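Undergrad: Sharing a structure with you now.
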Amino acid sequence: MAVPNPSTELSRLDKLVRKGLPSVVLVMGPSDFFRGKAMERLLAAVPKDCLLYTSDAADERSSV
């Protein structure tokens with residue numbers, strides 16, 4: 001299986017954000033940098049009056 005290109009995936013994310021956010025979004029991948037860029041784009045698209053919960057799997061694993 002080919003490794004996804006981060007730039008292509010961020011472009012796909014931009015299209016998703018323009019259409020409207022789904023109720024749940026999962027951001028995953030090996031690169032902290034690109035996961036961070038994806039989260040910045042998603043968080044910028046969340047309406048200010050929205051109830052938002054975030055969870056970081058790395059934090060969840062370390063607390064077990």
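In the structure tokens, each chain is lettered A, B, ... as it comes, each chain's residues begin at 1, and ligands are numbered from 1 in order of appearance.
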Could you pull out the alpha helix (DSSP H) residues of region 12-41 of chain A from DSSP and send them as a PyMOL selection string?
TA: chain A and resi 12-19+32-41
Undergrad: Counting only C-alpha atoms, what is within 9 Å of Ala45 (chain A), bar same-chain residues fewer than 5 positions away, as a PyMOL selection string?
TA: chain A and resi 17-18+20-21+40
Undergrad: Write out, as a tab-separated table (two decimals), in the first residue's frame, the residues just selected, with C-alpha atoms.
TA:
chain	number	residue	atom	x	y	z
A	17	VAL	CA	-13.69	21.78	5.66
A	18	ARG	CA	-15.19	23.91	2.86
A	20	GLY	CA	-18.78	21.48	6.25
A	21	LEU	CA	-17.34	19.48	9.09
A	40	GLU	CA	-5.04	23.85	12.95
Undergrad: Which neighbours of region 24-38 of chain A fall inside 12 Å, counting only C-alpha atoms, when residues of the same chain fewer than 6 positions from it are skipped, and could you give them as an mmCIF file with all heavy atoms, in the first residue's frame?
TA:
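Generated file (around14.cif):
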data_model
loop_
_atom_site.group_PDB
_atom_site.id
_atom_site.type_symbol
_atom_site.label_atom_id
_atom_site.label_comp_id
_atom_site.auth_asym_id
_atom_site.auth_seq_id
_atom_site.Cartn_x
_atom_site.Cartn_y
_atom_site.Cartn_z
ATOM 1 N N VAL A 3 2.181 5.004 0.645
ATOM 2 C CA VAL A 3 2.101 5.956 1.753
ATOM 3 C C VAL A 3 1.403 7.216 1.257
ATOM 4 O O VAL A 3 1.767 7.751 0.207
ATOM 5 C CB VAL A 3 3.514 6.292 2.273
ATOM 6 C CG1 VAL A 3 3.456 7.350 3.348
ATOM 7 C CG2 VAL A 3 4.206 5.043 2.774
ATOM 8 N N PRO A 4 0.390 7.716 1.983
ATOM 9 C CA PRO A 4 -0.304 8.934 1.556
ATOM 10 C C PRO A 4 0.650 10.132 1.546
ATOM 11 O O PRO A 4 1.503 10.272 2.413
ATOM 12 C CB PRO A 4 -1.391 9.122 2.602
ATOM 13 C CG PRO A 4 -1.545 7.808 3.258
ATOM 14 C CD PRO A 4 -0.211 7.136 3.174
ATOM 15 N N ASN A 5 0.469 10.990 0.562
ATOM 16 C CA ASN A 5 1.247 12.213 0.472
ATOM 17 C C ASN A 5 0.606 13.258 1.398
ATOM 18 O O ASN A 5 -0.567 13.598 1.224
ATOM 19 C CB ASN A 5 1.245 12.706 -0.977
ATOM 20 C CG ASN A 5 2.035 13.973 -1.157
ATOM 21 O OD1 ASN A 5 1.858 14.928 -0.431
ATOM 22 N ND2 ASN A 5 2.890 13.970 -2.154
ATOM 23 N N PRO A 6 1.348 13.793 2.380
ATOM 24 C CA PRO A 6 0.763 14.750 3.324
ATOM 25 C C PRO A 6 0.138 15.973 2.652
ATOM 26 O O PRO A 6 -0.928 16.423 3.064
ATOM 27 C CB PRO A 6 1.940 15.154 4.204
ATOM 28 C CG PRO A 6 2.897 14.023 4.110
ATOM 29 C CD PRO A 6 2.740 13.486 2.718
ATOM 30 N N SER A 7 0.767 16.499 1.607
ATOM 31 C CA SER A 7 0.213 17.670 0.922
ATOM 32 C C SER A 7 -1.126 17.347 0.265
ATOM 33 O O SER A 7 -2.066 18.144 0.324
ATOM 34 C CB SER A 7 1.199 18.192 -0.119
ATOM 35 O OG SER A 7 2.374 18.621 0.507
ATOM 36 N N THR A 8 -1.218 16.171 -0.336
ATOM 37 C CA THR A 8 -2.464 15.739 -0.957
ATOM 38 C C THR A 8 -3.553 15.568 0.097
ATOM 39 O O THR A 8 -4.699 15.980 -0.102
ATOM 40 C CB THR A 8 -2.259 14.413 -1.718
ATOM 41 O OG1 THR A 8 -1.237 14.604 -2.691
ATOM 42 C CG2 THR A 8 -3.536 13.949 -2.390
ATOM 43 N N GLU A 9 -3.185 14.979 1.214
ATOM 44 C CA GLU A 9 -4.172 14.752 2.279
ATOM 45 C C GLU A 9 -4.636 16.070 2.894
ATOM 46 O O GLU A 9 -5.810 16.228 3.232
ATOM 47 C CB GLU A 9 -3.603 13.822 3.345
ATOM 48 C CG GLU A 9 -3.299 12.424 2.836
ATOM 49 C CD GLU A 9 -4.486 11.769 2.153
ATOM 50 O OE1 GLU A 9 -5.610 11.825 2.678
ATOM 51 O OE2 GLU A 9 -4.287 11.208 1.063
ATOM 52 N N LEU A 10 -3.744 17.040 3.034
ATOM 53 C CA LEU A 10 -4.152 18.353 3.550
ATOM 54 C C LEU A 10 -5.079 19.047 2.554
ATOM 55 O O LEU A 10 -6.026 19.731 2.961
ATOM 56 C CB LEU A 10 -2.934 19.217 3.866
ATOM 57 C CG LEU A 10 -2.140 18.791 5.101
ATOM 58 C CD1 LEU A 10 -0.868 19.621 5.236
ATOM 59 C CD2 LEU A 10 -2.971 18.869 6.371
ATOM 60 N N SER A 11 -4.857 18.867 1.268
ATOM 61 C CA SER A 11 -5.762 19.424 0.256
ATOM 62 C C SER A 11 -7.139 18.777 0.359
ATOM 63 O O SER A 11 -8.166 19.458 0.259
ATOM 64 C CB SER A 11 -5.201 19.205 -1.153
ATOM 65 O OG SER A 11 -4.022 19.939 -1.333
ATOM 66 N N ARG A 12 -7.160 17.470 0.563
ATOM 67 C CA ARG A 12 -8.445 16.772 0.754
ATOM 68 C C ARG A 12 -9.159 17.294 1.996
ATOM 69 O O ARG A 12 -10.376 17.484 1.998
ATOM 70 C CB ARG A 12 -8.220 15.272 0.890
ATOM 71 C CG ARG A 12 -7.832 14.606 -0.408
ATOM 72 C CD ARG A 12 -7.588 13.125 -0.235
ATOM 73 N NE ARG A 12 -8.789 12.468 0.250
ATOM 74 C CZ ARG A 12 -8.804 11.312 0.907
ATOM 75 N NH1 ARG A 12 -7.668 10.686 1.166
ATOM 76 N NH2 ARG A 12 -9.919 10.769 1.297
ATOM 77 N N LEU A 13 -8.382 17.545 3.048
ATOM 78 C CA LEU A 13 -8.964 18.084 4.279
ATOM 79 C C LEU A 13 -9.553 19.472 4.040
ATOM 80 O O LEU A 13 -10.638 19.784 4.527
ATOM 81 C CB LEU A 13 -7.904 18.133 5.381
ATOM 82 C CG LEU A 13 -8.363 18.707 6.713
ATOM 83 C CD1 LEU A 13 -9.471 17.852 7.322
ATOM 84 C CD2 LEU A 13 -7.182 18.811 7.660
ATOM 85 N N ASP A 14 -8.856 20.310 3.279
ATOM 86 C CA ASP A 14 -9.374 21.641 2.960
ATOM 87 C C ASP A 14 -10.717 21.551 2.247
ATOM 88 O O ASP A 14 -11.638 22.322 2.539
ATOM 89 C CB ASP A 14 -8.373 22.421 2.104
ATOM 90 C CG ASP A 14 -7.135 22.837 2.886
ATOM 91 O OD1 ASP A 14 -7.210 22.941 4.129
ATOM 92 O OD2 ASP A 14 -6.086 23.061 2.245
ATOM 93 N N LEU A 16 -12.888 19.087 2.510
ATOM 94 C CA LEU A 16 -13.848 18.638 3.517
ATOM 95 C C LEU A 16 -14.310 19.814 4.375
ATOM 96 O O LEU A 16 -15.501 19.988 4.631
ATOM 97 C CB LEU A 16 -13.222 17.560 4.406
ATOM 98 C CG LEU A 16 -14.050 17.098 5.589
ATOM 99 C CD1 LEU A 16 -15.239 16.273 5.125
ATOM 100 C CD2 LEU A 16 -13.202 16.312 6.565
ATOM 101 N N VAL A 17 -13.366 20.641 4.803
ATOM 102 C CA VAL A 17 -13.689 21.784 5.659
ATOM 103 C C VAL A 17 -14.600 22.764 4.920
ATOM 104 O O VAL A 17 -15.543 23.295 5.497
ATOM 105 C CB VAL A 17 -12.388 22.464 6.148
ATOM 106 C CG1 VAL A 17 -12.663 23.806 6.772
ATOM 107 C CG2 VAL A 17 -11.663 21.556 7.137
ATOM 108 N N ALA A 44 -9.814 25.828 13.148
ATOM 109 C CA ALA A 44 -10.179 27.130 12.586
ATOM 110 C C ALA A 44 -11.575 27.094 11.961
ATOM 111 O O ALA A 44 -12.252 28.123 11.885
ATOM 112 C CB ALA A 44 -9.150 27.554 11.553
ATOM 113 N N ALA A 45 -12.028 25.919 11.535
ATOM 114 C CA ALA A 45 -13.325 25.783 10.889
ATOM 115 C C ALA A 45 -14.472 25.549 11.863
ATOM 116 O O ALA A 45 -15.635 25.618 11.471
ATOM 117 C CB ALA A 45 -13.277 24.635 9.884
ATOM 118 N N VAL A 46 -14.165 25.284 13.120
ATOM 119 C CA VAL A 46 -15.213 25.011 14.110
ATOM 120 C C VAL A 46 -15.879 26.327 14.519
ATOM 121 O O VAL A 46 -15.197 27.273 14.907
ATOM 122 C CB VAL A 46 -14.614 24.311 15.354
ATOM 123 C CG1 VAL A 46 -15.666 24.151 16.440
ATOM 124 C CG2 VAL A 46 -14.024 22.969 14.969
ATOM 125 N N LEU A 52 -16.934 21.539 21.703
ATOM 126 C CA LEU A 52 -15.819 20.824 21.086
ATOM 127 C C LEU A 52 -15.064 20.021 22.127
ATOM 128 O O LEU A 52 -14.696 20.536 23.180
ATOM 129 C CB LEU A 52 -14.870 21.839 20.435
ATOM 130 C CG LEU A 52 -13.590 21.294 19.837
ATOM 131 C CD1 LEU A 52 -13.901 20.434 18.618
ATOM 132 C CD2 LEU A 52 -12.653 22.434 19.465
ATOM 133 N N TYR A 53 -14.845 18.749 21.829
ATOM 134 C CA TYR A 53 -14.018 17.879 22.652
ATOM 135 C C TYR A 53 -12.846 17.419 21.802
ATOM 136 O O TYR A 53 -13.026 17.030 20.659
ATOM 137 C CB TYR A 53 -14.791 16.639 23.117
ATOM 138 C CG TYR A 53 -15.922 16.931 24.043
ATOM 139 C CD1 TYR A 53 -17.226 16.994 23.578
ATOM 140 C CD2 TYR A 53 -15.688 17.143 25.398
ATOM 141 C CE1 TYR A 53 -18.282 17.260 24.422
ATOM 142 C CE2 TYR A 53 -16.735 17.407 26.255
ATOM 143 C CZ TYR A 53 -18.029 17.469 25.770
ATOM 144 O OH TYR A 53 -19.063 17.736 26.615
ATOM 145 N N THR A 54 -11.661 17.456 22.364
ATOM 146 C CA THR A 54 -10.500 16.916 21.660
ATOM 147 C C THR A 54 -9.857 15.851 22.525
ATOM 148 O O THR A 54 -9.923 15.900 23.752
ATOM 149 C CB THR A 54 -9.454 18.009 21.345
ATOM 150 O OG1 THR A 54 -8.987 18.564 22.564
ATOM 151 C CG2 THR A 54 -10.030 19.096 20.466
ATOM 152 N N SER A 55 -9.243 14.882 21.872
ATOM 153 C CA SER A 55 -8.570 13.804 22.570
ATOM 154 C C SER A 55 -7.314 13.463 21.797
ATOM 155 O O SER A 55 -7.340 13.353 20.578
ATOM 156 C CB SER A 55 -9.478 12.585 22.657
ATOM 157 O OG SER A 55 -8.816 11.519 23.260
ATOM 158 N N ASP A 56 -6.217 13.301 22.500
ATOM 159 C CA ASP A 56 -4.956 12.925 21.882
ATOM 160 C C ASP A 56 -4.648 11.500 22.331
ATOM 161 O O ASP A 56 -4.499 11.237 23.532
ATOM 162 C CB ASP A 56 -3.858 13.888 22.305
ATOM 163 C CG ASP A 56 -2.545 13.640 21.598
ATOM 164 O OD1 ASP A 56 -2.262 12.481 21.225
ATOM 165 O OD2 ASP A 56 -1.782 14.602 21.418
ATOM 166 N N ALA A 57 -4.550 10.591 21.368
ATOM 167 C CA ALA A 57 -4.314 9.194 21.695
ATOM 168 C C ALA A 57 -3.007 9.003 22.471
ATOM 169 O O ALA A 57 -2.911 8.137 23.331
ATOM 170 C CB ALA A 57 -4.310 8.336 20.447
ATOM 171 N N ALA A 58 -2.001 9.818 22.184
ATOM 172 C CA ALA A 58 -0.736 9.712 22.916
ATOM 173 C C ALA A 58 -0.959 10.017 24.392
ATOM 174 O O ALA A 58 -0.403 9.338 25.270
ATOM 175 C CB ALA A 58 0.308 10.654 22.319
#
